[in-house]
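Colleague: I have a structure here, written as structure tokens, and I will follow up with some questions on it.
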Amino acid sequence: MIGQLLQGQAAFESQSAHTVAQHSQIHIPYNIHMFRYSETKIGSVRVRDAAPGDLDTVTEIYAHYVQRTTATFEIVPPSRQDWSQRFWTVAAAGLPFLVAELDQTVVGYAFCSRWKLRAAYRQTVEDSIYVAPGATGHGVGHALLTTLITNCTAATVRELIAVIVDTGEPASLSLHRRHGFREIGRLTEVGFKQGRWLDTILLQRSLR
């Protein structure tokens with residue numbers, strides 16, 4: 001059990017959860033006052049289920065990649081409120097949202113979201129993994145993706161998709177290939193950011 005949320009923050013998170021439930025018409029099986037956490041340790045990295053209290057750090061980590069890199073096609077960093085909405089949407093779908101810690105500090109996160117909203121895609125999801133810039137090279141990405149695959153399998157996910165921007169940096173592609181993903185296609189010049197056109201590479205791993 002992680003520390004208690006501040007009363008104002010708890011009220012805000014509760015409102016976000018009910019908003020997602022109302023729009024998606026899905027019951028959210030989480031109570032923000034009493035999360036049940038699972039965790040694992042891979043090497044020196046502790047991976048656990050995320051909580052609303054982690055979202056400030058998640059917001060900060062992702063903002064770095066939005067503002068300073070082409071690893072994501074978002075241009076404006078999502079706000080803390082945006083991340084709350086994303087968190088509860090993932091929860092409503094029964095999918096994993098994880099954080100990684102080194103020395104009791106959150107240094108990365110990973111989650112899965114619906115690949116497409118049409119019902120026939122319901123067992124196919126897309127992963128998202130980001131590591132704080134100062135924490136790369138310590139096995140954080142490996143620990144997050146290993147645990148994400150395990151949790152997706154438990155959640156009856158069948159196909160796991162990764163959409164990786166071809167930035168010229170091999171780390172994300174190498175990470176996914178080491179975990180059994182295979183390249184299935186490329187979309188050419190589908191994004192324009194920081195003055196250049198960018199491709200995306202599609203990778204897939206079957207879990208069943």
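Going by the structure tokens order, chains are called A, B, ..., each with residues numbered from 1, while ligands are numbered from 1 in the order shown.
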Could you go through stretch 22-153 of chain A and tell me which residues DSSP, when run on the backbone, assigns to alpha helix (DSSP H), listing them as a PyMOL selection string?

Modeller: chain A and resi 22-24+55-68+80-92+140-153

Colleague: I want to know what sits within 8 Å of A:Val190, based on only C-alpha atoms, with residues of the same chain fewer than 3 positions away left out; could you give that as a list in words?

Modeller: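 Listed by chain and then number, they are Leu187, Trp197, Leu198, Asp199 and Thr200 of chain A.
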
Colleague: Would you save the residues from that selection as a tab-separated table (two decimals), in the first residue's frame, using N, CA and C atoms?

Modeller:
chain	number	residue	atom	x	y	z
A	187	LEU	N	5.49	2.99	-41.83
A	187	LEU	CA	4.72	4.09	-42.41
A	187	LEU	C	5.68	5.24	-42.67
A	197	TRP	N	10.50	15.29	-41.63
A	197	TRP	CA	9.50	14.24	-41.77
A	197	TRP	C	10.03	12.95	-41.18
A	198	LEU	N	9.14	12.22	-40.50
A	198	LEU	CA	9.56	11.04	-39.76
A	198	LEU	C	8.71	9.83	-40.11
A	199	ASP	N	9.36	8.67	-40.17
A	199	ASP	CA	8.66	7.40	-40.34
A	199	ASP	C	8.31	6.79	-38.98
A	200	THR	N	7.34	5.90	-38.99
A	200	THR	CA	7.10	5.06	-37.82
A	200	THR	C	7.27	3.60	-38.22

Colleague: Please identify all polymer residues within 6 Å of stretch 89-104 of chain A, counting only C-alpha atoms, omitting same-chain residues fewer than 2 positions from it, and present them as a CSV table (one decimal) with C-alpha atoms, in the first residue's frame.

Modeller:
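Output contents, as saved in part19.csv:
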chain,number,residue,atom,x,y,z
A,28,ILE,CA,-13.8,1.0,-13.0
A,45,VAL,CA,14.8,-2.1,-10.7
A,46,ARG,CA,11.6,-2.3,-8.8
A,47,VAL,CA,8.5,-2.4,-11.0
A,48,ARG,CA,5.0,-1.9,-9.5
A,49,ASP,CA,1.5,-0.9,-10.4
A,50,ALA,CA,1.2,2.9,-10.9
A,86,ARG,CA,-5.3,8.6,-19.4
A,87,PHE,CA,-4.6,6.7,-16.2
A,106,VAL,CA,10.2,6.7,-10.0
A,107,VAL,CA,12.4,6.7,-13.1
A,108,GLY,CA,10.1,5.3,-15.8
A,109,TYR,CA,6.7,4.1,-16.7
A,110,ALA,CA,4.9,1.8,-19.1
A,111,PHE,CA,1.3,1.1,-20.0

Colleague: Show which residues sit within 9 Å of A:Leu145, as a list of chain:residue names. Count only C-alpha atoms, and ignore same-chain residues fewer than 3 positions away.

Modeller: A:Ala110, A:Asp127, A:Ile129, A:Val140, A:Gly141, A:His142, A:Leu148, A:Ile149, A:Thr150, A:Leu175, A:His176, A:His179

Colleague: Which residue is closest to A:Ala71? Choose from A:Gly180, A:Pro170, A:Gly134, A:Gly139 and count only C-alpha atoms.

Modeller: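 Going through A:Gly180, A:Pro170, A:Gly134, A:Gly139 one by one, the smallest distance to A:Ala71 is for A:Pro170.
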
Colleague: Return the single residue from A:Thr59, A:Thr40, A:Ser84, A:Gln123 that is closest to A:Ala155, with distances computed using only C-alpha atoms.

Modeller: A:Gln123

Colleague: Which neighbours of A:Asp56 fall inside 10 Å, counting only C-alpha atoms, when residues of the same chain fewer than 2 positions from it are skipped, and could you give them as a PyMOL selection string?

Modeller: chain A and resi 52-54+58-61+79-81+83-84

Colleague: Output as a ChimeraX atom specification all residues of stretch 31-147 of chain A that backbone DSSP marks as strand (DSSP E or B).

Modeller: /A:39-42,45-49,97-102,105-114,124-131

Colleague: Could you tell me which of A:Tyr130, A:Phe181, A:Tyr121, A:Phe192 comes closest to A:Val157 if we count only C-alpha atoms?

Modeller: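 Of A:Tyr130, A:Phe181, A:Tyr121, A:Phe192, the one nearest A:Val157, counting only C-alpha atoms, is A:Tyr121.
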
Colleague: I want to know what sits within 8 Å of A:Gln204, based on only C-alpha atoms, with residues of the same chain fewer than 3 positions away left out; could you give that as an MDAnalysis selection string?

Modeller: chainID A and resid 159:162 181:184

Colleague: To one decimal place, how far is atom CA of A:Ile201 from atom CA of A:Ile42 in Å?

Modeller: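 If I compute the distance from atom CA of A:Ile201 to atom CA of A:Ile42, I get 27.8 Å.
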